[in-house]
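Q: Structure file model.pdb, PDB, C-alpha atoms, pLDDT in the B column, is pasted below:
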ATOM      1  CA  MET D   1      26.098   6.288  41.708  1.00 75.00           C
ATOM      2  CA  HIS D   2      29.572   5.233  40.630  1.00 89.00           C
ATOM      3  CA  ASN D   3      31.132   8.416  39.289  1.00 94.00           C
ATOM      4  CA  PHE D   4      31.065  11.999  40.539  1.00 95.00           C
ATOM      5  CA  GLU D   5      30.514  13.022  36.925  1.00 95.00           C
ATOM      6  CA  GLN D   6      26.909  11.802  37.391  1.00 95.00           C
ATOM      7  CA  ILE D   7      26.234  14.346  40.154  1.00 95.00           C
ATOM      8  CA  VAL D   8      24.676  17.590  38.950  1.00 94.00           C
ATOM      9  CA  ARG D   9      24.304  20.644  41.175  1.00 93.00           C
ATOM     10  CA  LYS D  10      20.986  22.439  41.220  1.00 92.00           C
ATOM     11  CA  GLU D  11      21.047  25.576  39.097  1.00 90.00           C
ATOM     12  CA  GLY D  12      21.732  28.625  41.252  1.00 89.00           C
ATOM     13  CA  LEU D  13      23.453  26.611  43.988  1.00 90.00           C
ATOM     14  CA  ARG D  14      26.372  28.555  45.388  1.00 91.00           C
ATOM     15  CA  VAL D  15      29.315  27.419  47.482  1.00 90.00           C
ATOM     16  CA  ARG D  16      31.093  30.043  49.537  1.00 92.00           C
ATOM     17  CA  GLY D  17      34.263  29.904  51.573  1.00 89.00           C
ATOM     18  CA  ILE D  18      34.532  32.166  54.587  1.00 90.00           C
ATOM     19  CA  GLU D  19      37.922  31.933  56.240  1.00 88.00           C
ATOM     20  CA  SER D  20      38.451  28.179  56.676  1.00 85.00           C
ATOM     21  CA  GLU D  21      34.757  27.179  56.531  1.00 91.00           C
ATOM     22  CA  TYR D  22      32.554  26.364  53.550  1.00 92.00           C
ATOM     23  CA  PHE D  23      28.832  26.874  53.062  1.00 95.00           C
ATOM     24  CA  ILE D  24      26.247  25.887  50.442  1.00 94.00           C
ATOM     25  CA  LEU D  25      23.612  28.486  49.680  1.00 94.00           C
ATOM     26  CA  GLY D  26      20.515  27.091  48.016  1.00 89.00           C
ATOM     27  CA  ASN D  27      16.758  26.617  48.405  1.00 87.00           C
ATOM     28  CA  GLY D  28      16.654  29.707  50.609  1.00 91.00           C
ATOM     29  CA  LYS D  29      18.884  27.969  53.169  1.00 94.00           C
ATOM     30  CA  CYS D  30      22.512  27.987  54.224  1.00 95.00           C
ATOM     31  CA  TYR D  31      24.271  24.665  54.913  1.00 95.00           C
ATOM     32  CA  LYS D  32      27.616  24.504  56.700  1.00 95.00           C
ATOM     33  CA  LEU D  33      29.910  21.865  55.195  1.00 93.00           C
ATOM     34  CA  ASN D  34      32.247  19.612  57.128  1.00 90.00           C
ATOM     35  CA  GLU D  35      35.514  18.592  55.465  1.00 87.00           C
ATOM     36  CA  LEU D  36      34.020  15.519  53.784  1.00 90.00           C
ATOM     37  CA  GLY D  37      31.082  17.569  52.527  1.00 91.00           C
ATOM     38  CA  ALA D  38      33.424  20.175  51.066  1.00 89.00           C
ATOM     39  CA  LEU D  39      35.336  17.440  49.206  1.00 91.00           C
ATOM     40  CA  VAL D  40      32.123  15.910  47.857  1.00 94.00           C
ATOM     41  CA  ILE D  41      30.998  19.300  46.547  1.00 92.00           C
ATOM     42  CA  LYS D  42      34.467  20.014  45.123  1.00 91.00           C
ATOM     43  CA  TYR D  43      34.399  16.850  42.977  1.00 94.00           C
ATOM     44  CA  THR D  44      30.724  17.130  41.951  1.00 94.00           C
ATOM     45  CA  GLY D  45      30.479  16.904  38.173  1.00 94.00           C
ATOM     46  CA  GLN D  46      34.094  15.821  37.752  1.00 95.00           C
ATOM     47  CA  LYS D  47      35.237  12.547  36.245  1.00 95.00           C
ATOM     48  CA  MET D  48      36.182  10.581  39.356  1.00 96.00           C
ATOM     49  CA  GLU D  49      35.084   7.100  40.321  1.00 96.00           C
ATOM     50  CA  LEU D  50      33.552   6.707  43.787  1.00 96.00           C
ATOM     51  CA  LYS D  51      36.220   4.144  44.749  1.00 96.00           C
ATOM     52  CA  ASP D  52      39.000   6.576  43.747  1.00 96.00           C
ATOM     53  CA  PHE D  53      37.370   9.382  45.731  1.00 96.00           C
ATOM     54  CA  CYS D  54      37.154   7.108  48.793  1.00 96.00           C
ATOM     55  CA  ALA D  55      40.828   6.175  48.400  1.00 96.00           C
ATOM     56  CA  LYS D  56      41.710   9.898  48.270  1.00 94.00           C
ATOM     57  CA  VAL D  57      39.721  10.529  51.464  1.00 95.00           C
ATOM     58  CA  SER D  58      41.351   7.489  53.092  1.00 96.00           C
ATOM     59  CA  LYS D  59      44.818   8.808  52.343  1.00 95.00           C
ATOM     60  CA  LYS D  60      44.036  12.382  53.424  1.00 91.00           C
ATOM     61  CA  TYR D  61      42.447  11.416  56.763  1.00 91.00           C
ATOM     62  CA  HIS D  62      44.391   8.198  57.487  1.00 94.00           C
ATOM     63  CA  GLU D  63      41.183   6.163  57.605  1.00 91.00           C
ATOM     64  CA  GLU D  64      41.693   2.618  56.328  1.00 92.00           C
ATOM     65  CA  ASP D  65      38.057   1.461  56.366  1.00 95.00           C
ATOM     66  CA  LEU D  66      37.046   2.175  52.756  1.00 95.00           C
ATOM     67  CA  ASP D  67      33.583   0.677  53.312  1.00 96.00           C
ATOM     68  CA  LYS D  68      32.934   3.193  56.117  1.00 95.00           C
ATOM     69  CA  ILE D  69      34.139   6.063  53.934  1.00 96.00           C
ATOM     70  CA  GLU D  70      31.938   4.938  51.032  1.00 96.00           C
ATOM     71  CA  LYS D  71      28.925   4.672  53.335  1.00 96.00           C
ATOM     72  CA  ASP D  72      29.555   8.189  54.714  1.00 95.00           C
ATOM     73  CA  VAL D  73      29.980   9.631  51.207  1.00 96.00           C
ATOM     74  CA  LEU D  74      26.821   7.981  49.887  1.00 96.00           C
ATOM     75  CA  ASN D  75      24.856   9.108  52.954  1.00 95.00           C
ATOM     76  CA  TYR D  76      26.006  12.684  52.380  1.00 95.00           C
ATOM     77  CA  ILE D  77      25.092  12.499  48.679  1.00 95.00           C
ATOM     78  CA  ASP D  78      21.645  11.168  49.689  1.00 96.00           C
ATOM     79  CA  PHE D  79      21.248  14.126  52.065  1.00 95.00           C
ATOM     80  CA  LEU D  80      22.097  16.572  49.265  1.00 94.00           C
ATOM     81  CA  LYS D  81      19.545  14.839  46.996  1.00 95.00           C
ATOM     82  CA  GLU D  82      16.853  14.924  49.680  1.00 95.00           C
ATOM     83  CA  GLU D  83      17.447  18.656  50.163  1.00 93.00           C
ATOM     84  CA  GLY D  84      17.098  19.190  46.406  1.00 93.00           C
ATOM     85  CA  LEU D  85      20.640  20.547  46.056  1.00 93.00           C
ATOM     86  CA  ILE D  86      21.825  17.939  43.555  1.00 94.00           C
ATOM     87  CA  TYR D  87      20.454  15.244  41.306  1.00 93.00           C
ATOM     88  CA  ILE D  88      22.034  12.155  39.808  1.00 95.00           C
ATOM     89  CA  ASN D  89      22.254  11.566  36.053  1.00 91.00           C
ATOM     90  CA  GLU D  90      21.951   7.798  35.652  1.00 82.00           C
TER      91      GLU D  90
END
For this file, write the structure as structure tokens.

A:
Amino acid sequence: MHNFEQIVRKEGLRVRGIESEYFILGNGKCYKLNELGALVIKYTGQKMELKDFCAKVSKKYHEEDLDKIEKDVLNYIDFLKEEGLIYINE
């Protein structure tokens, strides 16, 4: 996966903000999002390269290890796929 444009949310998936927290509602479950998760969901389906997304996260959180950020992002995307909340258009 190289571009967030390739990520497609499952039909019926809902994202809700309650105060300063975000949740995904789907598959009969509720998932609480951390800040990285909320950013991943925000950019799902948008034209943004993975490397550009990681640079944005790096700047926002003052984390210089882009490889670590990329690994965390890809792990989170894998989790969303495993839960059936998204799929990847290749």

Q: Return as a ChimeraX atom specification the set of residues that the PyMOL selection byres ((chain D and resi 1) around 8) yields on the displayed structure.

A: /D:2-4,6,50,88,90

Q: Grab the residues selected above and save them as a tab-separated table (two decimals), in the coordinates of the input with C-alpha atoms.

A:
chain	number	residue	atom	x	y	z
D	2	HIS	CA	29.57	5.23	40.63
D	3	ASN	CA	31.13	8.42	39.29
D	4	PHE	CA	31.06	12.00	40.54
D	6	GLN	CA	26.91	11.80	37.39
D	50	LEU	CA	33.55	6.71	43.79
D	88	ILE	CA	22.03	12.16	39.81
D	90	GLU	CA	21.95	7.80	35.65

Q: Taking the file as shown, find all residues satisfying the PyMOL selection byres ((chain D and resi 85) around 9) and write them as a PyMOL selection string.

A: chain D and resi 8-11+13+24+26-27+79-84+86-87

Q: One decimal, in Å: what's the spacing between atom CA of D:Glu19 and atom CA of D:Glu35?

A: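 Interatomic distance here is 13.6 Å.
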
Q: Excluding D:Lys56 and any residue of its chain fewer than 3 positions from it, enumerate the residues within 12 Å of it, using all atoms listed in the file, and give them as JSON, numbers by chain.

A: {"D": [36, 39, 40, 43, 48, 49, 50, 51, 52, 53, 59, 60, 61, 62, 63, 64, 66, 69, 70]}

Q: Rounded to one decimal place, report the atom CA of D:Arg16-atom CA of D:Cys54 distance in Å.

A: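 One can read the atom CA of D:Arg16 to atom CA of D:Cys54 distance as 23.7 Å.
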
Q: Determine the nearest neighbour of D:Leu33 from the options D:Gln46, D:Asn89, D:Gly17, D:Val73, counting all atoms listed in the file.

A: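 Looking only at the distances to D:Leu33, the closest residue turns out to be D:Gly17.
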
Q: Report, in Å to a single decimal, how far apart atom CA of D:Tyr76 and atom CA of D:Ile7 are.

A: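 A separation of 12.3 Å between them.
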
Q: Taking into account all atoms listed in the file, which residue in the set D:Ser20, D:Glu5, D:Lys47, D:Lys68 is nearest to D:Asn34?

A: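 Ranking D:Ser20, D:Glu5, D:Lys47, D:Lys68 by distance to D:Asn34, first place goes to D:Ser20.
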
Q: With all atoms of stretch 33-43 of chain D from the file as input, state the centre and edge lengths in Å to one decimal of the axis-aligned box that has 6 Å extra on each side, as AutoDock Vina command-line options.

A:
--center_x 32.7 --center_y 18.7 --center_z 50.1 --size_x 17.6 --size_y 18.3 --size_z 26.2

Q: For a quick check of understanding, using all atoms listed in the file, which of D:Gly37, D:Ser58, D:Lys42, D:Arg14 has the smallest distance to D:Asp78?

A: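 Closest to D:Asp78, using all atoms listed in the file: D:Gly37.
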
Q: Rebuild N, CA and C atoms on stretch 30-66 of chain D, as a PDB file, keeping the file's coordinate frame?

A:
ATOM      1  N   CYS D  30      21.053  28.008  54.174  1.00 95.00           N
ATOM      2  CA  CYS D  30      22.512  27.987  54.224  1.00 95.00           C
ATOM      3  C   CYS D  30      22.927  26.720  54.960  1.00 95.00           C
ATOM      4  N   TYR D  31      23.809  25.926  54.335  1.00 95.00           N
ATOM      5  CA  TYR D  31      24.271  24.665  54.913  1.00 95.00           C
ATOM      6  C   TYR D  31      25.769  24.773  55.162  1.00 95.00           C
ATOM      7  N   LYS D  32      26.185  24.522  56.389  1.00 95.00           N
ATOM      8  CA  LYS D  32      27.616  24.504  56.700  1.00 95.00           C
ATOM      9  C   LYS D  32      28.165  23.134  56.333  1.00 95.00           C
ATOM     10  N   LEU D  33      29.288  23.112  55.626  1.00 93.00           N
ATOM     11  CA  LEU D  33      29.910  21.865  55.195  1.00 93.00           C
ATOM     12  C   LEU D  33      31.010  21.439  56.151  1.00 93.00           C
ATOM     13  N   ASN D  34      31.070  20.135  56.443  1.00 90.00           N
ATOM     14  CA  ASN D  34      32.247  19.612  57.128  1.00 90.00           C
ATOM     15  C   ASN D  34      33.291  19.318  56.045  1.00 90.00           C
ATOM     16  N   GLU D  35      34.434  18.809  56.438  1.00 87.00           N
ATOM     17  CA  GLU D  35      35.514  18.592  55.465  1.00 87.00           C
ATOM     18  C   GLU D  35      35.125  17.591  54.385  1.00 87.00           C
ATOM     19  N   LEU D  36      34.451  16.505  54.768  1.00 90.00           N
ATOM     20  CA  LEU D  36      34.020  15.519  53.784  1.00 90.00           C
ATOM     21  C   LEU D  36      33.006  16.142  52.822  1.00 90.00           C
ATOM     22  N   GLY D  37      32.072  16.899  53.357  1.00 91.00           N
ATOM     23  CA  GLY D  37      31.082  17.569  52.527  1.00 91.00           C
ATOM     24  C   GLY D  37      31.714  18.517  51.522  1.00 91.00           C
ATOM     25  N   ALA D  38      32.724  19.250  51.963  1.00 89.00           N
ATOM     26  CA  ALA D  38      33.424  20.175  51.066  1.00 89.00           C
ATOM     27  C   ALA D  38      34.111  19.413  49.933  1.00 89.00           C
ATOM     28  N   LEU D  39      34.694  18.248  50.250  1.00 91.00           N
ATOM     29  CA  LEU D  39      35.336  17.440  49.206  1.00 91.00           C
ATOM     30  C   LEU D  39      34.313  16.886  48.219  1.00 91.00           C
ATOM     31  N   VAL D  40      33.173  16.428  48.734  1.00 94.00           N
ATOM     32  CA  VAL D  40      32.123  15.910  47.857  1.00 94.00           C
ATOM     33  C   VAL D  40      31.686  17.006  46.888  1.00 94.00           C
ATOM     34  N   ILE D  41      31.425  18.192  47.400  1.00 92.00           N
ATOM     35  CA  ILE D  41      30.998  19.300  46.547  1.00 92.00           C
ATOM     36  C   ILE D  41      32.097  19.678  45.555  1.00 92.00           C
ATOM     37  N   LYS D  42      33.343  19.657  45.999  1.00 91.00           N
ATOM     38  CA  LYS D  42      34.467  20.014  45.123  1.00 91.00           C
ATOM     39  C   LYS D  42      34.520  19.106  43.892  1.00 91.00           C
ATOM     40  N   TYR D  43      34.277  17.806  44.080  1.00 94.00           N
ATOM     41  CA  TYR D  43      34.399  16.850  42.977  1.00 94.00           C
ATOM     42  C   TYR D  43      33.090  16.611  42.218  1.00 94.00           C
ATOM     43  N   THR D  44      32.002  17.253  42.648  1.00 94.00           N
ATOM     44  CA  THR D  44      30.724  17.130  41.951  1.00 94.00           C
ATOM     45  C   THR D  44      30.887  17.519  40.486  1.00 94.00           C
ATOM     46  N   GLY D  45      30.425  16.639  39.606  1.00 94.00           N
ATOM     47  CA  GLY D  45      30.479  16.904  38.173  1.00 94.00           C
ATOM     48  C   GLY D  45      31.807  16.565  37.518  1.00 94.00           C
ATOM     49  N   GLN D  46      32.785  16.153  38.306  1.00 95.00           N
ATOM     50  CA  GLN D  46      34.094  15.821  37.752  1.00 95.00           C
ATOM     51  C   GLN D  46      34.201  14.316  37.521  1.00 95.00           C
ATOM     52  N   LYS D  47      35.046  13.961  36.575  1.00 95.00           N
ATOM     53  CA  LYS D  47      35.237  12.547  36.245  1.00 95.00           C
ATOM     54  C   LYS D  47      36.124  11.902  37.309  1.00 95.00           C
ATOM     55  N   MET D  48      35.468  11.295  38.303  1.00 96.00           N
ATOM     56  CA  MET D  48      36.182  10.581  39.356  1.00 96.00           C
ATOM     57  C   MET D  48      35.289   9.457  39.853  1.00 96.00           C
ATOM     58  N   GLU D  49      35.809   8.265  39.821  1.00 96.00           N
ATOM     59  CA  GLU D  49      35.084   7.100  40.321  1.00 96.00           C
ATOM     60  C   GLU D  49      34.925   7.208  41.841  1.00 96.00           C
ATOM     61  N   LEU D  50      33.811   6.694  42.349  1.00 96.00           N
ATOM     62  CA  LEU D  50      33.552   6.707  43.787  1.00 96.00           C
ATOM     63  C   LEU D  50      34.679   6.021  44.551  1.00 96.00           C
ATOM     64  N   LYS D  51      35.156   4.876  44.041  1.00 96.00           N
ATOM     65  CA  LYS D  51      36.220   4.144  44.749  1.00 96.00           C
ATOM     66  C   LYS D  51      37.514   4.964  44.816  1.00 96.00           C
ATOM     67  N   ASP D  52      37.804   5.727  43.754  1.00 96.00           N
ATOM     68  CA  ASP D  52      39.000   6.576  43.747  1.00 96.00           C
ATOM     69  C   ASP D  52      38.847   7.742  44.719  1.00 96.00           C
ATOM     70  N   PHE D  53      37.643   8.309  44.779  1.00 96.00           N
ATOM     71  CA  PHE D  53      37.370   9.382  45.731  1.00 96.00           C
ATOM     72  C   PHE D  53      37.566   8.872  47.159  1.00 96.00           C
ATOM     73  N   CYS D  54      37.029   7.690  47.447  1.00 96.00           N
ATOM     74  CA  CYS D  54      37.154   7.108  48.793  1.00 96.00           C
ATOM     75  C   CYS D  54      38.615   6.844  49.137  1.00 96.00           C
ATOM     76  N   ALA D  55      39.393   6.404  48.175  1.00 96.00           N
ATOM     77  CA  ALA D  55      40.828   6.175  48.400  1.00 96.00           C
ATOM     78  C   ALA D  55      41.529   7.493  48.708  1.00 96.00           C
ATOM     79  N   LYS D  56      41.135   8.569  48.025  1.00 94.00           N
ATOM     80  CA  LYS D  56      41.710   9.898  48.270  1.00 94.00           C
ATOM     81  C   LYS D  56      41.385  10.366  49.694  1.00 94.00           C
ATOM     82  N   VAL D  57      40.137  10.161  50.108  1.00 95.00           N
ATOM     83  CA  VAL D  57      39.721  10.529  51.464  1.00 95.00           C
ATOM     84  C   VAL D  57      40.482   9.686  52.481  1.00 95.00           C
ATOM     85  N   SER D  58      40.622   8.391  52.204  1.00 96.00           N
ATOM     86  CA  SER D  58      41.351   7.489  53.092  1.00 96.00           C
ATOM     87  C   SER D  58      42.780   7.975  53.324  1.00 96.00           C
ATOM     88  N   LYS D  59      43.428   8.343  52.246  1.00 95.00           N
ATOM     89  CA  LYS D  59      44.818   8.808  52.343  1.00 95.00           C
ATOM     90  C   LYS D  59      44.908  10.128  53.101  1.00 95.00           C
ATOM     91  N   LYS D  60      44.005  11.056  52.793  1.00 91.00           N
ATOM     92  CA  LYS D  60      44.036  12.382  53.424  1.00 91.00           C
ATOM     93  C   LYS D  60      43.796  12.310  54.930  1.00 91.00           C
ATOM     94  N   TYR D  61      42.848  11.458  55.353  1.00 91.00           N
ATOM     95  CA  TYR D  61      42.447  11.416  56.763  1.00 91.00           C
ATOM     96  C   TYR D  61      42.948  10.177  57.510  1.00 91.00           C
ATOM     97  N   HIS D  62      43.791   9.388  56.859  1.00 94.00           N
ATOM     98  CA  HIS D  62      44.391   8.198  57.487  1.00 94.00           C
ATOM     99  C   HIS D  62      43.320   7.258  58.039  1.00 94.00           C
ATOM    100  N   GLU D  63      42.264   7.085  57.259  1.00 91.00           N
ATOM    101  CA  GLU D  63      41.183   6.163  57.605  1.00 91.00           C
ATOM    102  C   GLU D  63      41.264   4.987  56.641  1.00 91.00           C
ATOM    103  N   GLU D  64      41.484   3.784  57.184  1.00 92.00           N
ATOM    104  CA  GLU D  64      41.693   2.618  56.328  1.00 92.00           C
ATOM    105  C   GLU D  64      40.409   1.890  55.938  1.00 92.00           C
ATOM    106  N   ASP D  65      39.317   2.170  56.623  1.00 95.00           N
ATOM    107  CA  ASP D  65      38.057   1.461  56.366  1.00 95.00           C
ATOM    108  C   ASP D  65      37.335   2.110  55.175  1.00 95.00           C
ATOM    109  N   LEU D  66      37.633   1.612  53.971  1.00 95.00           N
ATOM    110  CA  LEU D  66      37.046   2.175  52.756  1.00 95.00           C
ATOM    111  C   LEU D  66      35.535   1.981  52.701  1.00 95.00           C
TER     112      LEU D  66
END
